[in-house]
Amino acid sequence: MAFLDTHGLPLSTSSEQAADLYRQGVTLMLAAWPGAAEMLDAAIAADPDFALAQAARARAHAIRSEPAAARARIAAAEAIVARNGTEREASHVAVLADAIAGRSRQALAAALAHVDLWPRDILILSLPLGAFGLFAFSGMADHDQARVSLVEKHAGRFDADDWWFLTYRGWALAEHGEVARGRAMLERAFELRRQNANGVHALAHAMFEGGAGEDADALIAGWLPDYDRSGILHGHIAWHAALTALERGDAAAALALYEAHVHPSVSQGAPINIVSDAASLLWRMQAYGHAPTPDRWKEIADYAAGAFPEPGHAFVDPHMALIEAALGDAPALETRAAALERRIADGALPAGAVVPAIARAAMAFAAEDHAACIRILEPVMAEVARIGGSGAQREIVEDMLLVALMRSGEAAKARALLDRRLHRRPSPRDARWRAQLAA
């Protein structure tokens, strides 16, 4: 008897139990829901020679930033498909092997070639998508467009009510500016599967980009209590609620969310989220006039140093720089910027010069040298998308420039930037700033 995955592709296992556990594990993993690892472990126990279960477990380890375990699992999968895997399974495993080994360019090219042949292989199709996907971390300035092009290319291969595809398609559209269309898809995905943290996360993004802060607050407040703290996006979705609290000027609510869900001692998220969420939220509070206590900065600094001991990650390093700047650690920040520039010279940092520029701008901002911050940031603003992440995450760089403009007396430039932002999406914070400038 042949067994199939969730989207009708054949599985090389003779165990019905293993196939069923694999389907459940992949579904949970793609929904960012707790239990995926346990399901995949059980699938492997039921059939140790099930290559795709080994590969999916490797992907789950990678998502959790467990590189040694991920490498061991993908090596097991490679050995199995070398003996008796199908063409699709061998390609599937090879793509994941490239991604896990950090061969991102090869992984992206291989993933795109793979889904041209097998577009319904959703574990591979998921790799280029998302805020931390292969497109986002490719160094491309137009990765938002690349995601839209990919999902639109394959949209006809999926059912209209496929919750997984609606989630990724809706998010890609909302990030690229088609907010209403993307939000409608995401709301449908939420109706189809409430236990889908990726869907709720994407819907919160769409609401943010549409200026619907009250809707985002209601969504998260009503849903987050049912999402276990072990869920990898628990702290990050709470961060979204804190962001909307700051937008409406409620720093106390933002800090309460930070203390309850976001900071390193309470969050069980991936290190990249813990560092970026904590650093960006504390920085926003400080820049908006609600300075966090030094112990909060010290806590995230200690965690970040252990999680990311070496420079070289285009999205993480700007957040590490925010921490170092907030603590006044100019030598550490300059060392980081110089290391990043060496990597650029060696061709090892695809995002390019925008990364060290953001780092140096953060130090200038913290030193209240707002003119220097502006001089550094203005020439690279068109390149900020190259660091990856989402629009909401990258907005912190634009916020830095905007606050520097306001504090340095560059009122005309600040008004023009605020007008562009308010044209893009309503924001009570930006409206307050615009009124202050007008006055």
# chains A, B, ... in the order shown; residues from 1 in each chain; ligands from 1
call {"tool": "residues_around", "arguments": {"residues": "A:Leu281", "least_positions_apart": "5", "cutoff": "12 Å", "atoms": "only C-alpha atoms", "output": "compact mmCIF listing (two decimals) with N, CA, C and O atoms, in the first residue's frame"}}
result
# COMPACT_ATOMS: atom_id res chain seq x y z
N HIS A 236 7.13 36.21 20.19
CA HIS A 236 7.14 37.15 19.07
C HIS A 236 5.75 37.72 18.80
O HIS A 236 5.62 38.91 18.47
N ALA A 238 3.48 38.14 21.07
CA ALA A 238 3.30 39.12 22.15
C ALA A 238 4.04 40.42 21.83
O ALA A 238 3.57 41.52 22.16
N TRP A 239 5.20 40.30 21.19
CA TRP A 239 5.95 41.49 20.75
C TRP A 239 5.10 42.35 19.82
O TRP A 239 5.13 43.59 19.90
N HIS A 240 4.34 41.71 18.94
CA HIS A 240 3.46 42.48 18.06
C HIS A 240 2.45 43.28 18.87
O HIS A 240 2.16 44.44 18.54
N ALA A 241 1.91 42.68 19.92
CA ALA A 241 0.96 43.41 20.77
C ALA A 241 1.65 44.57 21.47
O ALA A 241 1.08 45.66 21.62
N ALA A 242 2.89 44.36 21.91
CA ALA A 242 3.65 45.44 22.55
C ALA A 242 3.91 46.57 21.56
O ALA A 242 3.89 47.75 21.92
N LEU A 243 4.16 46.22 20.30
CA LEU A 243 4.40 47.22 19.28
C LEU A 243 3.17 48.11 19.08
O LEU A 243 3.29 49.33 18.98
N THR A 244 2.00 47.50 19.03
CA THR A 244 0.79 48.30 18.86
C THR A 244 0.51 49.14 20.12
O THR A 244 -0.02 50.25 20.02
N ALA A 245 0.89 48.62 21.30
CA ALA A 245 0.74 49.42 22.51
C ALA A 245 1.60 50.69 22.43
O ALA A 245 1.15 51.79 22.79
N LEU A 246 2.83 50.54 21.96
CA LEU A 246 3.69 51.72 21.81
C LEU A 246 3.13 52.67 20.76
O LEU A 246 3.23 53.90 20.91
N GLU A 247 2.55 52.13 19.70
CA GLU A 247 1.95 52.98 18.66
C GLU A 247 0.88 53.89 19.25
O GLU A 247 0.76 55.05 18.85
N ALA A 251 3.12 52.98 26.94
CA ALA A 251 4.39 52.35 27.25
C ALA A 251 4.26 51.35 28.39
O ALA A 251 4.97 50.33 28.41
N ALA A 254 3.11 48.11 26.95
CA ALA A 254 4.20 47.50 26.19
C ALA A 254 5.21 46.84 27.12
O ALA A 254 5.66 45.71 26.88
N LEU A 255 5.56 47.53 28.19
CA LEU A 255 6.53 46.97 29.14
C LEU A 255 5.96 45.75 29.85
O LEU A 255 6.68 44.76 30.08
N ALA A 256 4.67 45.77 30.17
CA ALA A 256 4.05 44.61 30.82
C ALA A 256 4.10 43.39 29.90
O ALA A 256 4.38 42.27 30.35
N LEU A 257 3.86 43.59 28.61
CA LEU A 257 3.95 42.49 27.65
C LEU A 257 5.38 41.99 27.54
O LEU A 257 5.64 40.78 27.44
N TYR A 258 6.32 42.92 27.54
CA TYR A 258 7.73 42.54 27.48
C TYR A 258 8.10 41.66 28.68
O TYR A 258 8.74 40.61 28.52
N GLU A 259 7.69 42.09 29.85
CA GLU A 259 8.04 41.34 31.06
C GLU A 259 7.35 39.98 31.11
O GLU A 259 7.93 38.99 31.58
N VAL A 262 8.31 38.42 26.48
CA VAL A 262 9.30 38.69 25.43
C VAL A 262 10.75 38.52 25.88
O VAL A 262 11.57 38.01 25.13
N HIS A 263 11.09 38.94 27.08
CA HIS A 263 12.52 38.99 27.43
C HIS A 263 13.09 37.58 27.60
O HIS A 263 12.35 36.59 27.73
N ASN A 273 14.61 35.51 17.26
CA ASN A 273 13.46 36.29 17.69
C ASN A 273 13.67 36.91 19.06
O ASN A 273 13.31 38.07 19.28
N ILE A 274 14.23 36.14 19.98
CA ILE A 274 14.43 36.68 21.33
C ILE A 274 15.32 37.92 21.28
O ILE A 274 15.00 38.96 21.88
N VAL A 275 16.42 37.85 20.55
CA VAL A 275 17.34 38.99 20.48
C VAL A 275 16.71 40.17 19.75
O VAL A 275 16.73 41.30 20.24
N SER A 276 16.14 39.92 18.58
CA SER A 276 15.59 41.04 17.80
C SER A 276 14.36 41.64 18.46
O SER A 276 14.19 42.87 18.47
N GLN A 286 13.04 53.45 24.47
CA GLN A 286 14.02 54.47 24.81
C GLN A 286 13.92 55.66 23.86
O GLN A 286 13.93 56.82 24.30
N ALA A 287 13.80 55.39 22.57
CA ALA A 287 13.73 56.47 21.59
C ALA A 287 12.46 57.29 21.71
O ALA A 287 12.44 58.48 21.40
N TYR A 288 11.39 56.66 22.19
CA TYR A 288 10.12 57.36 22.32
C TYR A 288 9.98 58.06 23.67
O TYR A 288 8.95 58.62 23.98
N HIS A 290 10.68 56.58 26.86
CA HIS A 290 10.32 55.71 28.00
C HIS A 290 11.50 54.79 28.28
O HIS A 290 11.47 53.59 28.02
N ALA A 291 12.59 55.36 28.80
CA ALA A 291 13.86 54.64 28.90
C ALA A 291 13.75 53.40 29.78
O ALA A 291 13.36 53.49 30.95
N PRO A 292 14.10 52.20 29.23
CA PRO A 292 14.15 50.99 30.07
C PRO A 292 15.29 51.09 31.07
O PRO A 292 16.28 51.80 30.85
N ARG A 296 17.63 45.75 32.17
CA ARG A 296 16.94 45.09 31.06
C ARG A 296 17.86 45.00 29.84
O ARG A 296 17.89 43.98 29.14
N TRP A 297 18.61 46.05 29.58
CA TRP A 297 19.58 46.00 28.49
C TRP A 297 20.67 44.97 28.79
O TRP A 297 21.10 44.24 27.90
N ILE A 300 19.50 41.30 28.06
CA ILE A 300 19.48 40.89 26.66
C ILE A 300 20.89 40.87 26.09
O ILE A 300 21.22 40.03 25.24
N HIS A 319 20.64 44.44 15.35
CA HIS A 319 20.03 44.39 16.68
C HIS A 319 21.09 44.28 17.77
O HIS A 319 20.95 44.87 18.86
N LEU A 322 22.22 47.73 18.32
CA LEU A 322 21.31 48.51 19.17
C LEU A 322 21.62 48.28 20.64
O LEU A 322 21.61 49.22 21.45
N ILE A 323 21.88 47.01 21.00
CA ILE A 323 22.19 46.68 22.39
C ILE A 323 23.50 47.34 22.81
O ILE A 323 23.58 47.99 23.88
N ALA A 392 7.64 45.33 9.51
CA ALA A 392 7.49 45.81 10.89
C ALA A 392 8.81 45.77 11.64
O ALA A 392 9.10 46.66 12.45
N GLN A 393 9.61 44.74 11.39
CA GLN A 393 10.91 44.64 12.07
C GLN A 393 11.89 45.67 11.53
O GLN A 393 12.64 46.29 12.30
N GLU A 395 11.25 48.49 10.24
CA GLU A 395 10.81 49.88 10.44
C GLU A 395 11.63 50.59 11.52
O GLU A 395 11.70 51.81 11.55
N ILE A 396 12.28 49.81 12.39
CA ILE A 396 13.07 50.42 13.45
C ILE A 396 14.19 51.28 12.87
O ILE A 396 14.58 52.29 13.46
N ASP A 399 12.60 54.42 11.87
CA ASP A 399 12.29 55.15 13.11
C ASP A 399 13.52 55.90 13.62
O ASP A 399 13.43 57.04 14.09
call {"tool": "residues_around", "arguments": {"residues": "stretch 90-95 of chain A", "least_positions_apart": "2", "cutoff": "7 Å", "atoms": "only C-alpha atoms", "output": "MDAnalysis selection string"}}
result
chainID A and resid 55 77:78 81 85:88 97:99 107 110:111 114 124
call {"tool": "write_last_selection", "arguments": {"atoms": "C-alpha atoms", "output": "PDB file, in the first residue's frame"}}
result
ATOM      1  CA  ALA A  55      14.727  15.221   7.089  1.00  0.00           C
ATOM      2  CA  ALA A  77      18.267  11.177   5.715  1.00  0.00           C
ATOM      3  CA  GLU A  78      20.975  11.533   3.053  1.00  0.00           C
ATOM      4  CA  VAL A  81      17.844   8.292   0.157  1.00  0.00           C
ATOM      5  CA  GLY A  85      15.029   7.172  -2.164  1.00  0.00           C
ATOM      6  CA  THR A  86      12.919   8.409  -5.044  1.00  0.00           C
ATOM      7  CA  GLU A  87      14.036  11.333  -7.208  1.00  0.00           C
ATOM      8  CA  ARG A  88      11.750  13.729  -5.336  1.00  0.00           C
ATOM      9  CA  ALA A  97      20.949  19.629   3.573  1.00  0.00           C
ATOM     10  CA  ASP A  98      22.090  22.816   1.824  1.00  0.00           C
ATOM     11  CA  ALA A  99      19.908  24.976   4.054  1.00  0.00           C
ATOM     12  CA  ALA A 107      19.609  26.059  -1.037  1.00  0.00           C
ATOM     13  CA  ALA A 110      17.739  24.174  -5.375  1.00  0.00           C
ATOM     14  CA  ALA A 111      14.461  24.888  -3.593  1.00  0.00           C
ATOM     15  CA  HIS A 114      12.558  21.549  -6.747  1.00  0.00           C
ATOM     16  CA  ILE A 124      10.436  22.775   0.535  1.00  0.00           C
TER      17      ILE A 124
END
call {"tool": "closest_residue", "arguments": {"among": "A:Val403, A:Ala252, A:Ala42, A:Ala146", "to": "A:Asp369", "atoms": "only C-alpha atoms"}}
result
A:Val403
call {"tool": "residues_around", "arguments": {"residues": "A:Leu224", "least_positions_apart": "3", "cutoff": "9 Å", "atoms": "only C-alpha atoms", "output": "list in words"}}
result
Leu219, Ile220, Ala221, Tyr227, Asp228, His234, Ile237 and Ala238 of chain A
call {"tool": "atom_distance", "arguments": {"atom1": "atom CA of A:Val384", "atom2": "atom CA of A:Ala332"}}
result
22.3 Å
call {"tool": "closest_residue", "arguments": {"among": "A:Thr27, A:Ser126, A:Ser15, A:Ser65", "to": "A:Leu108", "atoms": "only C-alpha atoms"}}
result
A:Ser126
call {"tool": "closest_residue", "arguments": {"among": "A:Arg169, A:His7, A:Arg432, A:Arg336", "to": "A:Ile122", "atoms": "only C-alpha atoms"}}
result
A:His7
call {"tool": "closest_residue", "arguments": {"among": "A:Leu11, A:His261, A:Arg120, A:Ala101", "to": "A:Arg71", "atoms": "only C-alpha atoms"}}
result
A:Ala101
call {"tool": "residues_around", "arguments": {"residues": "A:Ala184", "least_positions_apart": "4", "cutoff": "10 Å", "atoms": "only C-alpha atoms", "output": "list in words"}}
result
Leu166, Gly170, Ala174, Val179, Ala180, Arg188, Ala189, Phe190, Leu203 and Ala206 of chain A
call {"tool": "residues_around", "arguments": {"residues": "A:Phe3", "least_positions_apart": "5", "cutoff": "9 Å", "atoms": "only C-alpha atoms", "output": "MDAnalysis selection string"}}
result
chainID A and resid 8:16 19:20
call {"tool": "write_last_selection", "arguments": {"atoms": "N, CA and C atoms", "output": "mmCIF file, in the first residue's frame"}}
result
data_model
loop_
_atom_site.group_PDB
_atom_site.id
_atom_site.type_symbol
_atom_site.label_atom_id
_atom_site.label_comp_id
_atom_site.auth_asym_id
_atom_site.auth_seq_id
_atom_site.Cartn_x
_atom_site.Cartn_y
_atom_site.Cartn_z
ATOM 1 N N GLY A 8 -0.617 14.892 -1.180
ATOM 2 C CA GLY A 8 -0.766 13.887 -2.214
ATOM 3 C C GLY A 8 0.499 13.353 -2.835
ATOM 4 N N LEU A 9 1.655 13.663 -2.253
ATOM 5 C CA LEU A 9 2.919 13.149 -2.785
ATOM 6 C C LEU A 9 3.275 11.845 -2.085
ATOM 7 N N PRO A 10 3.839 10.873 -2.808
ATOM 8 C CA PRO A 10 4.105 9.558 -2.220
ATOM 9 C C PRO A 10 5.238 9.585 -1.199
ATOM 10 N N LEU A 11 5.111 8.711 -0.222
ATOM 11 C CA LEU A 11 6.095 8.584 0.859
ATOM 12 C C LEU A 11 6.720 7.192 0.813
ATOM 13 N N SER A 12 8.027 7.132 0.913
ATOM 14 C CA SER A 12 8.727 5.846 0.911
ATOM 15 C C SER A 12 8.818 5.293 2.330
ATOM 16 N N THR A 13 7.719 4.761 2.785
ATOM 17 C CA THR A 13 7.682 4.041 4.051
ATOM 18 C C THR A 13 6.634 2.944 3.923
ATOM 19 N N SER A 14 6.906 1.832 4.580
ATOM 20 C CA SER A 14 5.934 0.733 4.573
ATOM 21 C C SER A 14 5.067 0.757 5.816
ATOM 22 N N SER A 15 5.276 1.783 6.666
ATOM 23 C CA SER A 15 4.562 1.859 7.941
ATOM 24 C C SER A 15 3.439 2.887 7.864
ATOM 25 N N GLU A 16 2.214 2.429 7.982
ATOM 26 C CA GLU A 16 1.078 3.364 8.009
ATOM 27 C C GLU A 16 1.178 4.304 9.198
ATOM 28 N N ALA A 19 3.776 7.019 8.460
ATOM 29 C CA ALA A 19 3.251 8.000 7.516
ATOM 30 C C ALA A 19 2.282 8.955 8.186
ATOM 31 N N ASP A 20 1.398 8.421 9.030
ATOM 32 C CA ASP A 20 0.418 9.270 9.714
ATOM 33 C C ASP A 20 1.113 10.226 10.680
#
call {"tool": "atom_distance", "arguments": {"atom1": "atom CA of A:Ala351", "atom2": "atom CA of A:Gly389"}}
result
12.1 Å
call {"tool": "atom_distance", "arguments": {"atom1": "atom CA of A:Gly213", "atom2": "atom CA of A:Leu134"}}
result
28.9 Å
call {"tool": "closest_residue", "arguments": {"among": "A:Gly210, A:Ala438, A:Ile272, A:Ala278", "to": "A:Arg424", "atoms": "only C-alpha atoms"}}
result
A:Gly210
